[in-house]
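start.pdb follows; it contains PDB, C-alpha atoms and all ligand atoms.
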ATOM      1  CA  MET T 938      89.698  82.755 105.567
ATOM      2  CA  GLN T 939      90.619  79.931 107.910
ATOM      3  CA  PRO T 940      89.854  80.845 111.521
ATOM      4  CA  LYS T 941      91.680  78.967 114.246
ATOM      5  CA  ASP T 942      94.317  77.799 111.764
ATOM      6  CA  SER T 943      96.926  76.071 113.909
ATOM      7  CA  ALA T 944      99.689  77.576 111.768
ATOM      8  CA  PHE T 945      98.735  81.093 112.907
ATOM      9  CA  GLN T 946      98.782  80.715 116.679
ATOM     10  CA  PRO T 947     101.072  82.466 119.162
ATOM     11  CA  ILE T 948     103.593  80.298 120.990
ATOM     12  CA  PRO T 949     101.795  79.482 124.276
ATOM     13  CA  GLY T 950     103.348  81.156 127.291
ATOM     14  CA  MET T 951     102.588  78.102 129.415
ATOM     15  CA  GLN T 952     104.619  75.926 127.045
ATOM     16  CA  THR T 953     107.670  78.024 126.239
ATOM     17  CA  PRO T 954     108.721  80.780 128.636
ATOM     18  CA  ARG T 955     107.972  84.255 127.331
ATOM     19  CA  PHE T 956     111.610  85.292 127.561
ATOM     20  CA  ALA T 957     112.748  82.420 125.328
ATOM     21  CA  GLY T 958     112.994  82.206 121.560
ATOM     22  CA  MET T 959     112.851  84.836 118.828
ATOM     23  CA  PRO T 960     110.717  87.878 119.684
ATOM     24  CA  THR T 961     108.006  88.205 117.030
ATOM     25  CA  PHE T 962     104.878  90.363 117.450
ATOM     26  CA  MET T 963     102.599  88.628 119.992
ATOM     27  CA  ARG T 964     104.776  85.466 119.600
ATOM     28  CA  LEU T 965     103.117  84.825 116.222
ATOM     29  CA  PRO T 966     104.805  83.021 113.338
ATOM     30  CA  HIS T 967     107.023  85.275 111.234
ATOM     31  CA  LEU T 968     106.086  84.932 107.567
ATOM     32  CA  ASP T 969     107.584  86.497 104.452
ATOM     33  CA  LEU T 970     104.885  88.603 102.787
ATOM     34  CA  GLU T 971     105.620  86.880  99.457
ATOM     35  CA  SER T 972     105.237  83.349 100.856
ATOM     36  CA  ALA T 973     102.225  81.170 100.047
ATOM     37  CA  GLN T 974     101.427  80.873 103.731
ATOM     38  CA  ALA T 975     101.269  84.667 104.173
ATOM     39  CA  ALA T 976      98.449  84.823 101.637
ATOM     40  CA  LYS T 977      96.270  83.004 104.201
ATOM     41  CA  ALA T 978      96.792  85.724 106.796
ATOM     42  CA  ASP T 979      93.867  88.013 107.633
ATOM     43  CA  ILE T 980      95.781  90.478 109.791
ATOM     44  CA  GLY T 981      99.468  91.212 109.352
ATOM     45  CA  ILE T 982     101.325  92.810 112.226
ATOM     46  CA  VAL T 983     104.253  94.689 110.736
ATOM     47  CA  GLY T 984     106.944  97.151 111.672
ATOM     48  CA  VAL T 985     108.018 100.280 109.825
ATOM     49  CA  PRO T 986     111.452 101.107 111.264
ATOM     50  CA  PHE T 987     111.670 104.626 109.895
ATOM     51  CA  ASP T 988     112.051 107.995 111.636
ATOM     52  CA  GLY T 989     113.346 110.148 108.799
ATOM     53  CA  GLY T 990     110.323 112.403 109.244
ATOM     54  CA  THR T 991     111.277 113.399 112.782
ATOM     55  CA  SER T 992     111.857 117.133 113.160
ATOM     56  CA  ASN T 993     113.502 117.151 116.599
ATOM     57  CA  ARG T 994     114.256 114.109 118.781
ATOM     58  CA  PRO T 995     114.645 110.910 116.702
ATOM     59  CA  GLY T 996     114.533 107.274 117.766
ATOM     60  CA  PRO T 997     111.288 105.586 116.611
ATOM     61  CA  ARG T 998     113.246 103.697 113.945
ATOM     62  CA  HIS T 999     114.095 101.435 116.881
ATOM     63  CA  GLY T1000     110.421 101.091 117.843
ATOM     64  CA  PRO T1001     109.455  97.891 116.003
ATOM     65  CA  ARG T1002     112.252  95.846 117.551
ATOM     66  CA  GLN T1003     111.545  96.951 121.128
ATOM     67  CA  LEU T1004     107.790  96.613 120.583
ATOM     68  CA  ARG T1005     108.290  93.042 119.327
ATOM     69  CA  ASP T1006     110.312  92.264 122.448
ATOM     70  CA  LEU T1007     107.708  93.673 124.859
ATOM     71  CA  SER T1008     104.820  92.125 122.885
ATOM     72  CA  THR T1009     105.975  88.680 123.983
ATOM     73  CA  MET T1010     104.339  89.558 127.329
ATOM     74  CA  ILE T1011     100.886  89.794 125.715
ATOM     75  CA  ARG T1012      98.518  86.870 126.391
ATOM     76  CA  THR T1013      95.658  85.861 124.077
ATOM     77  CA  THR T1014      92.269  86.828 125.504
ATOM     78  CA  HIS T1015      90.826  90.289 126.045
ATOM     79  CA  PRO T1016      89.922  90.785 129.730
ATOM     80  CA  ARG T1017      86.716  92.734 129.045
ATOM     81  CA  SER T1018      85.242  91.454 125.777
ATOM     82  CA  GLY T1019      86.599  87.904 125.968
ATOM     83  CA  VAL T1020      87.799  88.221 122.358
ATOM     84  CA  ASN T1021      90.734  86.004 121.421
ATOM     85  CA  PRO T1022      91.818  87.565 118.105
ATOM     86  CA  PHE T1023      93.911  84.499 117.252
ATOM     87  CA  LYS T1024      90.783  82.327 117.295
ATOM     88  CA  LEU T1025      88.783  84.744 115.151
ATOM     89  CA  VAL T1026      91.225  85.322 112.286
ATOM     90  CA  ASN T1027      94.679  84.343 111.034
ATOM     91  CA  CYS T1028      97.309  86.713 112.429
ATOM     92  CA  ALA T1029     101.005  86.714 111.568
ATOM     93  CA  ASP T1030     104.126  88.832 111.981
ATOM     94  CA  LEU T1031     104.926  89.849 108.412
ATOM     95  CA  GLY T1032     108.215  91.480 109.316
ATOM     96  CA  ASP T1033     109.236  95.053 108.599
ATOM     97  CA  ALA T1034     108.434  97.177 105.570
ATOM     98  CA  PRO T1035     111.575  97.983 103.568
ATOM     99  CA  VAL T1036     113.011 101.473 104.115
ATOM    100  CA  ASN T1037     116.071 103.498 103.140
ATOM    101  CA  PRO T1038     117.130 105.627 106.136
ATOM    102  CA  MET T1039     119.081 107.888 103.760
ATOM    103  CA  ASP T1040     116.128 108.794 101.516
ATOM    104  CA  ILE T1041     112.693 109.937 102.712
ATOM    105  CA  MET T1042     110.885 109.941  99.363
ATOM    106  CA  GLN T1043     112.251 106.548  98.354
ATOM    107  CA  SER T1044     111.266 105.162 101.760
ATOM    108  CA  LEU T1045     107.709 106.439 101.347
ATOM    109  CA  ASP T1046     107.490 104.619  98.002
ATOM    110  CA  MET T1047     108.956 101.420  99.485
ATOM    111  CA  ILE T1048     106.491 101.536 102.383
ATOM    112  CA  THR T1049     103.489 102.150 100.113
ATOM    113  CA  GLY T1050     104.605  99.247  97.910
ATOM    114  CA  PHE T1051     104.718  96.923 100.912
ATOM    115  CA  PHE T1052     101.226  97.926 102.074
ATOM    116  CA  ASN T1053      99.874  97.710  98.511
ATOM    117  CA  ARG T1054     101.085  94.110  98.396
ATOM    118  CA  MET T1055      99.368  93.415 101.714
ATOM    119  CA  SER T1056      96.132  94.953 100.412
ATOM    120  CA  ASP T1057      96.373  92.877  97.214
ATOM    121  CA  LYS T1058      96.287  89.762  99.426
ATOM    122  CA  GLY T1059      93.386  91.070 101.500
ATOM    123  CA  ILE T1060      95.550  91.399 104.619
ATOM    124  CA  VAL T1061      94.572  94.110 107.126
ATOM    125  CA  PRO T1062      97.652  95.851 108.582
ATOM    126  CA  LEU T1063      98.388  96.549 112.233
ATOM    127  CA  THR T1064     101.571  98.594 112.132
ATOM    128  CA  ALA T1065     104.207  99.517 114.688
ATOM    129  CA  GLY T1066     106.141 102.695 113.858
ATOM    130  CA  GLY T1067     108.272 104.459 113.180
ATOM    131  CA  ASP T1068     107.516 108.158 113.389
ATOM    132  CA  HIS T1069     104.111 109.482 112.347
ATOM    133  CA  LEU T1070     105.163 110.173 108.761
ATOM    134  CA  ILE T1071     104.757 106.426 108.140
ATOM    135  CA  SER T1072     100.978 106.816 108.313
ATOM    136  CA  PHE T1073     101.113 108.748 105.018
ATOM    137  CA  PRO T1074     102.459 105.913 102.825
ATOM    138  CA  ILE T1075     100.100 103.488 104.592
ATOM    139  CA  LEU T1076      97.077 105.697 103.869
ATOM    140  CA  ARG T1077      98.307 106.060 100.275
ATOM    141  CA  ALA T1078      97.991 102.271  99.977
ATOM    142  CA  LEU T1079      94.732 101.825 101.889
ATOM    143  CA  GLY T1080      93.124 104.855 100.241
ATOM    144  CA  ARG T1081      94.172 104.074  96.678
ATOM    145  CA  ASP T1082      90.588 103.238  95.645
ATOM    146  CA  GLY T1083      89.072 106.210  97.467
ATOM    147  CA  PRO T1084      89.656 108.147 100.642
ATOM    148  CA  VAL T1085      89.245 106.423 104.017
ATOM    149  CA  GLY T1086      88.035 107.935 107.295
ATOM    150  CA  MET T1087      90.235 108.103 110.367
ATOM    151  CA  ILE T1088      90.066 108.242 114.136
ATOM    152  CA  HIS T1089      93.365 109.731 115.253
ATOM    153  CA  PHE T1090      94.649 109.773 118.840
ATOM    154  CA  ASP T1091      97.508 112.217 119.332
ATOM    155  CA  ALA T1092      98.711 115.306 121.171
ATOM    156  CA  HIS T1093      99.291 116.884 117.740
ATOM    157  CA  THR T1094      97.204 117.266 114.603
ATOM    158  CA  ASP T1095     100.142 116.497 112.281
ATOM    159  CA  MET T1096      98.426 118.762 109.741
ATOM    160  CA  ASN T1097     101.228 121.307 109.310
ATOM    161  CA  ASP T1098     102.204 122.341 105.800
ATOM    162  CA  VAL T1099     106.006 122.646 105.550
ATOM    163  CA  TYR T1100     109.077 122.481 107.783
ATOM    164  CA  PHE T1101     112.450 124.215 107.387
ATOM    165  CA  GLY T1102     111.416 126.117 104.290
ATOM    166  CA  ASP T1103     109.811 123.685 101.887
ATOM    167  CA  SER T1104     110.061 120.193 103.393
ATOM    168  CA  LYS T1105     106.592 118.719 102.894
ATOM    169  CA  TYR T1106     107.101 115.195 104.231
ATOM    170  CA  THR T1107     107.715 115.175 107.993
ATOM    171  CA  HIS T1108     106.020 113.580 110.990
ATOM    172  CA  GLY T1109     104.174 116.874 111.462
ATOM    173  CA  THR T1110     102.555 116.807 108.011
ATOM    174  CA  PRO T1111     101.294 113.303 107.076
ATOM    175  CA  PHE T1112      97.567 113.959 107.335
ATOM    176  CA  ARG T1113      97.660 117.241 105.423
ATOM    177  CA  ARG T1114      99.416 115.451 102.569
ATOM    178  CA  ALA T1115      96.955 112.529 102.754
ATOM    179  CA  ILE T1116      93.977 114.905 102.526
ATOM    180  CA  GLU T1117      95.542 116.956  99.704
ATOM    181  CA  GLN T1118      96.257 113.833  97.685
ATOM    182  CA  GLY T1119      92.823 112.274  98.220
ATOM    183  CA  PHE T1120      93.654 109.289 100.443
ATOM    184  CA  LEU T1121      91.998 110.637 103.587
ATOM    185  CA  ASP T1122      88.478 112.091 103.822
ATOM    186  CA  PRO T1123      88.701 115.169 106.066
ATOM    187  CA  LYS T1124      84.967 115.110 106.762
ATOM    188  CA  ARG T1125      85.306 111.584 108.135
ATOM    189  CA  THR T1126      88.365 112.418 110.247
ATOM    190  CA  ILE T1127      88.424 113.130 113.975
ATOM    191  CA  GLN T1128      91.517 113.922 116.039
ATOM    192  CA  ILE T1129      91.360 113.360 119.797
ATOM    193  CA  GLY T1130      93.719 114.571 122.532
ATOM    194  CA  ILE T1131      95.222 117.574 120.788
ATOM    195  CA  ARG T1132      97.244 119.839 123.096
ATOM    196  CA  GLY T1133     100.598 121.460 123.680
ATOM    197  CA  VAL T1134     102.177 124.789 122.898
ATOM    198  CA  LYS T1135     101.401 125.897 119.357
ATOM    199  CA  TYR T1136     103.484 127.616 116.674
ATOM    200  CA  GLU T1137     100.613 130.035 115.972
ATOM    201  CA  VAL T1138      97.051 130.503 117.217
ATOM    202  CA  SER T1139      95.966 129.653 113.662
ATOM    203  CA  ASP T1140      97.692 126.234 113.638
ATOM    204  CA  PHE T1141      94.470 124.240 113.274
ATOM    205  CA  ASP T1142      92.713 126.525 110.751
ATOM    206  CA  TRP T1143      93.573 124.567 107.612
ATOM    207  CA  ALA T1144      92.319 121.265 109.017
ATOM    208  CA  LEU T1145      89.139 122.848 110.385
ATOM    209  CA  GLU T1146      88.474 124.450 106.992
ATOM    210  CA  GLN T1147      88.673 120.991 105.382
ATOM    211  CA  GLY T1148      86.033 119.704 107.803
ATOM    212  CA  VAL T1149      88.268 117.786 110.214
ATOM    213  CA  ARG T1150      86.854 117.477 113.756
ATOM    214  CA  ILE T1151      89.481 118.338 116.374
ATOM    215  CA  VAL T1152      88.762 117.377 119.984
ATOM    216  CA  GLU T1153      91.297 119.234 122.088
ATOM    217  CA  ILE T1154      92.270 117.735 125.414
ATOM    218  CA  ASP T1155      90.193 120.174 127.500
ATOM    219  CA  GLU T1156      87.042 119.145 125.665
ATOM    220  CA  PHE T1157      88.022 115.480 126.040
ATOM    221  CA  PHE T1158      88.358 115.785 129.818
ATOM    222  CA  GLU T1159      85.178 117.850 130.107
ATOM    223  CA  ARG T1160      83.017 115.397 128.118
ATOM    224  CA  GLY T1161      84.653 112.071 128.918
ATOM    225  CA  VAL T1162      85.455 109.002 126.870
ATOM    226  CA  ALA T1163      81.920 107.764 126.166
ATOM    227  CA  SER T1164      80.609 111.056 124.787
ATOM    228  CA  VAL T1165      83.669 111.713 122.616
ATOM    229  CA  MET T1166      83.727 108.190 121.214
ATOM    230  CA  THR T1167      80.022 108.296 120.414
ATOM    231  CA  GLU T1168      80.733 111.367 118.299
ATOM    232  CA  ALA T1169      83.805 109.712 116.742
ATOM    233  CA  ARG T1170      81.687 106.731 115.675
ATOM    234  CA  GLU T1171      79.074 109.047 114.141
ATOM    235  CA  ILE T1172      81.728 110.942 112.185
ATOM    236  CA  VAL T1173      83.312 107.892 110.559
ATOM    237  CA  GLY T1174      79.998 106.033 110.129
ATOM    238  CA  ASP T1175      80.111 102.640 108.423
ATOM    239  CA  GLY T1176      82.675 103.544 105.752
ATOM    240  CA  LYS T1177      86.263 102.318 105.669
ATOM    241  CA  THR T1178      88.065 103.679 108.711
ATOM    242  CA  TYR T1179      91.721 103.768 109.715
ATOM    243  CA  ILE T1180      92.955 104.144 113.299
ATOM    244  CA  SER T1181      96.174 106.022 113.997
ATOM    245  CA  PHE T1182      97.464 106.077 117.562
ATOM    246  CA  ASP T1183     100.428 108.304 118.420
ATOM    247  CA  ILE T1184     101.839 107.187 121.766
ATOM    248  CA  ASP T1185     102.299 110.857 122.716
ATOM    249  CA  GLY T1186      98.508 111.146 123.005
ATOM    250  CA  ILE T1187      99.012 109.324 126.301
ATOM    251  CA  ASP T1188     100.398 111.386 129.155
ATOM    252  CA  PRO T1189     104.215 111.256 129.425
ATOM    253  CA  ALA T1190     103.789 110.075 133.011
ATOM    254  CA  PHE T1191     102.793 106.745 131.440
ATOM    255  CA  ALA T1192     104.715 106.940 128.162
ATOM    256  CA  PRO T1193     107.807 109.160 128.385
ATOM    257  CA  GLY T1194     109.681 107.372 125.608
ATOM    258  CA  THR T1195     108.659 109.567 122.708
ATOM    259  CA  GLY T1196     110.162 112.474 120.804
ATOM    260  CA  THR T1197     107.467 115.111 121.319
ATOM    261  CA  PRO T1198     105.933 114.586 124.779
ATOM    262  CA  GLU T1199     103.108 116.896 125.929
ATOM    263  CA  ILE T1200     101.882 116.935 129.516
ATOM    264  CA  GLY T1201      98.197 116.705 130.403
ATOM    265  CA  GLY T1202      97.250 113.708 128.250
ATOM    266  CA  PHE T1203      95.172 110.518 128.372
ATOM    267  CA  THR T1204      95.710 107.937 131.053
ATOM    268  CA  THR T1205      96.486 104.454 129.812
ATOM    269  CA  TYR T1206      93.032 103.347 130.989
ATOM    270  CA  GLN T1207      91.309 106.099 129.015
ATOM    271  CA  ALA T1208      93.317 104.988 125.975
ATOM    272  CA  GLN T1209      92.111 101.405 126.467
ATOM    273  CA  GLN T1210      88.509 102.559 126.840
ATOM    274  CA  MET T1211      88.711 104.589 123.627
ATOM    275  CA  VAL T1212      90.089 101.721 121.565
ATOM    276  CA  ARG T1213      87.470  99.352 122.996
ATOM    277  CA  ALA T1214      84.819 101.820 121.795
ATOM    278  CA  LEU T1215      85.927 101.175 118.191
ATOM    279  CA  GLU T1216      84.324  97.740 118.147
ATOM    280  CA  GLY T1217      81.842  97.314 115.310
ATOM    281  CA  LEU T1218      83.353  99.950 113.012
ATOM    282  CA  ASN T1219      84.492  99.093 109.480
ATOM    283  CA  LEU T1220      88.183  99.111 110.354
ATOM    284  CA  VAL T1221      90.704  98.624 107.543
ATOM    285  CA  GLY T1222      93.938  99.060 109.479
ATOM    286  CA  ALA T1223      95.623 100.675 112.457
ATOM    287  CA  ASP T1224      98.984 101.919 113.595
ATOM    288  CA  LEU T1225     100.810 102.693 116.830
ATOM    289  CA  VAL T1226     103.608 105.169 116.257
ATOM    290  CA  GLU T1227     106.280 107.343 117.877
ATOM    291  CA  VAL T1228     107.567 104.920 120.511
ATOM    292  CA  SER T1229     111.205 105.998 120.806
ATOM    293  CA  PRO T1230     113.306 103.447 122.721
ATOM    294  CA  PRO T1231     116.309 105.777 123.229
ATOM    295  CA  PHE T1232     114.075 107.972 125.425
ATOM    296  CA  ASP T1233     112.867 105.009 127.475
ATOM    297  CA  PRO T1234     115.351 102.142 127.374
ATOM    298  CA  SER T1235     113.422 100.467 130.230
ATOM    299  CA  GLY T1236     110.765  99.440 127.707
ATOM    300  CA  GLY T1237     107.974 100.912 129.811
ATOM    301  CA  THR T1238     106.691 103.054 126.948
ATOM    302  CA  ALA T1239     106.906 100.121 124.546
ATOM    303  CA  TRP T1240     104.848  98.084 127.015
ATOM    304  CA  VAL T1241     102.147 100.749 126.903
ATOM    305  CA  GLY T1242     102.456 100.665 123.117
ATOM    306  CA  VAL T1243     102.024  96.909 122.717
ATOM    307  CA  SER T1244      99.159  96.913 125.204
ATOM    308  CA  ILE T1245      97.373  99.431 122.957
ATOM    309  CA  MET T1246      98.351  97.328 119.925
ATOM    310  CA  PHE T1247      96.603  94.325 121.505
ATOM    311  CA  GLU T1248      93.473  96.443 122.038
ATOM    312  CA  LEU T1249      93.696  97.496 118.371
ATOM    313  CA  LEU T1250      94.244  93.896 117.271
ATOM    314  CA  CYS T1251      91.057  92.792 119.038
ATOM    315  CA  VAL T1252      88.845  95.385 117.321
ATOM    316  CA  LEU T1253      90.537  94.782 113.945
ATOM    317  CA  ALA T1254      89.998  91.020 114.314
ATOM    318  CA  THR T1255      86.341  91.512 115.196
ATOM    319  CA  ALA T1256      85.890  93.769 112.150
ATOM    320  CA  GLN T1257      87.703  91.349 109.822
ATOM    321  CA  ASP T1258      85.677  88.432 111.186
ATOM    322  CA  ALA T1259      82.419  90.333 110.633
ATOM    323  CA  ARG T1260      83.428  91.100 107.017
ATOM    324  CA  SER T1261      84.188  87.435 106.341
ATOM    325  CA  HIS T1262      80.715  86.412 107.494
ATOM    326  CA  SER T1263      79.004  89.128 105.456
ATOM    327  CA  GLN T1264      80.875  87.977 102.294
ATOM    328  CA  VAL T1265      79.734  84.339 102.577
TER     329      VAL T1265
HETATM  330 MN    MN V1301     101.634 112.286 115.631
HETATM  331 MN    MN V1302     102.148 113.558 118.515
END

Give the structure from this file in structure tokens form.
Amino acid sequence: MQPKDSAFQPIPGMQTPRFAGMPTFMRLPHLDLESAQAAKADIGIVGVPFDGGTSNRPGPRHGPRQLRDLSTMIRTTHPRSGVNPFKLVNCADLGDAPVNPMDIMQSLDMITGFFNRMSDKGIVPLTAGGDHLISFPILRALGRDGPVGMIHFDAHTDMNDVYFGDSKYTHGTPFRRAIEQGFLDPKRTIQIGIRGVKYEVSDFDWALEQGVRIVEIDEFFERGVASVMTEAREIVGDGKTYISFDIDGIDPAFAPGTGTPEIGGFTTYQAQQMVRALEGLNLVGADLVEVSPPFDPSGGTAWVGVSIMFELLCVLATAQDARSHSQV
């Protein structure tokens, strides 16, 4: 690990205007995952431009490109903690995972392969989706040596079984598949922000039977951020923990550009507070999914998305930095 490596710094906004040049994530260098330089990266920010798991309104395949564009507005230093992730660890834009928009199962294998190669190099992924199905192939890579825990922000549990008869791989099913196949530990999983009209009153039964903790939005608003996040930290403990953030967890007043909006959600400030409360956990990766540019061509939703990605980057960098010191 080579902190403060000059080759891994964002292009300074005071030097080159933010609207100029090629839009990479956070204005970081774009490196090919197979390059020698990429092997020195600690955190790889990557896109997964895939929405073949979307059951109704598609569009998140266009998310990574719009998120890259809006991420050029992000500066370097966290306003509350003072963390500059680019001084703690080596960050790079490692491009997009390969996908085949004509073939879901092949895409899942291609995505898992990409994240396996990142894991082989010790690179922690921060991923921009894509629909929420992309979390399944990522968890399959990160959980290959044993199930990880997860803190999941979303309006939906994404724990359904099948769609349209027998389709098992959709953006409404990734976490059920990950639990069934042993990549996600249900007893170390908490879902926060769940709401919206259900299919059946029994929708959450399977997940609850596995030991998943579901914090529905009413409970969230009754207890507040601090209480809920204290419980979330207790549930995941000090084991490997993944963070999955569906933009539709945030109220559509702030983030309308998504396929499955549900009213009555988090404010953007509550979302920031929750991610800040992840500091100190043993984080092994994070994603921000379901930004759908066709439903918000203004880029406002993508701006919310990249702002949350910066919050995630700061807590991932702190975790990666802490691991590097404990290994010395
Ligand atoms: Mn979701
Ligand atoms: Mn959702």

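Atom pair atom CA of Leu1045 of chain T / atom CA of Gly1237 of chain T: separated by 29.0 Å.
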
Discussion item. Going by the chain IDs and residue numbers used in this file, which residues fall under the PyMOL selection byres (((chain T and resi 1201) around 12) and not hetatm)? Write them as JSON, numbers by chain.
Written reply: {"T": [1091, 1092, 1130, 1131, 1132, 1133, 1134, 1153, 1154, 1155, 1157, 1158, 1185, 1186, 1187, 1188, 1189, 1190, 1191, 1192, 1198, 1199, 1200, 1202, 1203, 1204]}

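For the atom pair formed by atom CA of Ser1261 of chain T and atom CA of Phe1182 of chain T, the distance is 25.5 Å, given to one decimal.
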
If you count all atoms listed in the file, which residues fall within 6 Å of Thr1126 of chain T, apart from same-chain ones fewer than 2 positions away, as a PDB file with C-alpha atoms, keeping the file's coordinate frame?
ATOM      1  CA  GLY T1086      88.035 107.935 107.295  1.00  0.00           C
ATOM      2  CA  MET T1087      90.235 108.103 110.367  1.00  0.00           C
ATOM      3  CA  ILE T1088      90.066 108.242 114.136  1.00  0.00           C
ATOM      4  CA  PRO T1123      88.701 115.169 106.066  1.00  0.00           C
ATOM      5  CA  LYS T1124      84.967 115.110 106.762  1.00  0.00           C
ATOM      6  CA  VAL T1149      88.268 117.786 110.214  1.00  0.00           C
TER       7      VAL T1149
END

Discussion item. For this structure, which residues satisfy the selection - the PyMOL selection byres (((chain T and resi 1181) around 7) and not hetatm) - when it is evaluated on the file as given? I want them as an MDAnalysis selection string.
Written reply: chainID T and resid 1088:1090 1179:1180 1182:1183 1223:1225

How would you write, as a PDB file with C-alpha atoms, keeping the file's coordinate frame, the residues chosen by the PyMOL selection byres (((chain T and resi 943-945) around 10) and not hetatm) on this structure?
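Done, and the output landed in result06.pdb:
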ATOM      1  CA  GLN T 939      90.619  79.931 107.910  1.00  0.00           C
ATOM      2  CA  PRO T 940      89.854  80.845 111.521  1.00  0.00           C
ATOM      3  CA  LYS T 941      91.680  78.967 114.246  1.00  0.00           C
ATOM      4  CA  ASP T 942      94.317  77.799 111.764  1.00  0.00           C
ATOM      5  CA  GLN T 946      98.782  80.715 116.679  1.00  0.00           C
ATOM      6  CA  PRO T 947     101.072  82.466 119.162  1.00  0.00           C
ATOM      7  CA  ILE T 948     103.593  80.298 120.990  1.00  0.00           C
ATOM      8  CA  LEU T 965     103.117  84.825 116.222  1.00  0.00           C
ATOM      9  CA  PRO T 966     104.805  83.021 113.338  1.00  0.00           C
ATOM     10  CA  HIS T 967     107.023  85.275 111.234  1.00  0.00           C
ATOM     11  CA  LEU T 968     106.086  84.932 107.567  1.00  0.00           C
ATOM     12  CA  GLN T 974     101.427  80.873 103.731  1.00  0.00           C
ATOM     13  CA  ALA T 975     101.269  84.667 104.173  1.00  0.00           C
ATOM     14  CA  LYS T 977      96.270  83.004 104.201  1.00  0.00           C
ATOM     15  CA  ALA T 978      96.792  85.724 106.796  1.00  0.00           C
ATOM     16  CA  ASP T 979      93.867  88.013 107.633  1.00  0.00           C
ATOM     17  CA  PHE T1023      93.911  84.499 117.252  1.00  0.00           C
ATOM     18  CA  LYS T1024      90.783  82.327 117.295  1.00  0.00           C
ATOM     19  CA  VAL T1026      91.225  85.322 112.286  1.00  0.00           C
ATOM     20  CA  ASN T1027      94.679  84.343 111.034  1.00  0.00           C
ATOM     21  CA  CYS T1028      97.309  86.713 112.429  1.00  0.00           C
ATOM     22  CA  ALA T1029     101.005  86.714 111.568  1.00  0.00           C
ATOM     23  CA  ASP T1030     104.126  88.832 111.981  1.00  0.00           C
TER      24      ASP T1030
END

Worksheet item: Given the choices T:His1108, T:Lys1177, T:Arg1125, T:Arg1170, which gets closest to Arg1150 of chain T if the distance is worked out from only C-alpha atoms?
Response: T:Arg1125

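Minimum atom-to-atom distances from T:Lys1105, T:His1093, T:Arg1114, T:Arg1213 to ligand MN 1301 (chain V) were compared using all atoms listed in the file, and the lowest value belongs to T:His1093.
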
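Every protein, DNA or RNA residue with an atom at most 10 Å from Phe1073 of chain T, where only C-alpha atoms count and chain neighbours fewer than 5 positions away do not, is listed here: T:Leu1045, T:Ile1048, T:Thr1049, T:Ala1078, T:Leu1079, T:Tyr1106, T:Thr1107, T:His1108, T:Thr1110, T:Pro1111, T:Phe1112, T:Arg1113, T:Arg1114, T:Ala1115, T:Ile1116, T:Phe1120, T:Leu1121.
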
Could you dump the residues just selected with C-alpha atoms as a PDB file, in the coordinates of the input?
ATOM      1  CA  LEU T1045     107.709 106.439 101.347  1.00  0.00           C
ATOM      2  CA  ILE T1048     106.491 101.536 102.383  1.00  0.00           C
ATOM      3  CA  THR T1049     103.489 102.150 100.113  1.00  0.00           C
ATOM      4  CA  ALA T1078      97.991 102.271  99.977  1.00  0.00           C
ATOM      5  CA  LEU T1079      94.732 101.825 101.889  1.00  0.00           C
ATOM      6  CA  TYR T1106     107.101 115.195 104.231  1.00  0.00           C
ATOM      7  CA  THR T1107     107.715 115.175 107.993  1.00  0.00           C
ATOM      8  CA  HIS T1108     106.020 113.580 110.990  1.00  0.00           C
ATOM      9  CA  THR T1110     102.555 116.807 108.011  1.00  0.00           C
ATOM     10  CA  PRO T1111     101.294 113.303 107.076  1.00  0.00           C
ATOM     11  CA  PHE T1112      97.567 113.959 107.335  1.00  0.00           C
ATOM     12  CA  ARG T1113      97.660 117.241 105.423  1.00  0.00           C
ATOM     13  CA  ARG T1114      99.416 115.451 102.569  1.00  0.00           C
ATOM     14  CA  ALA T1115      96.955 112.529 102.754  1.00  0.00           C
ATOM     15  CA  ILE T1116      93.977 114.905 102.526  1.00  0.00           C
ATOM     16  CA  PHE T1120      93.654 109.289 100.443  1.00  0.00           C
ATOM     17  CA  LEU T1121      91.998 110.637 103.587  1.00  0.00           C
TER      18      LEU T1121
END

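The space between atom CA of Val1221 of chain T and atom CA of Ala1065 of chain T spans 15.3 Å.
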
Item to complete: Find the residues with any atom within 10 Å of (114.4, 116.6, 118.3); use all atoms listed in the file and the coordinates as given in the file, and write the answer as an MDAnalysis selection string.
Response: chainID T and resid 991:996 1196:1197

Practice prompt. Identify which of the residues T:Gly950, T:Pro1016, T:Gly1109, T:Pro960 lies closest to Gly989 of chain T, counting only C-alpha atoms when measuring atom-to-atom distances.
Written response: T:Gly1109
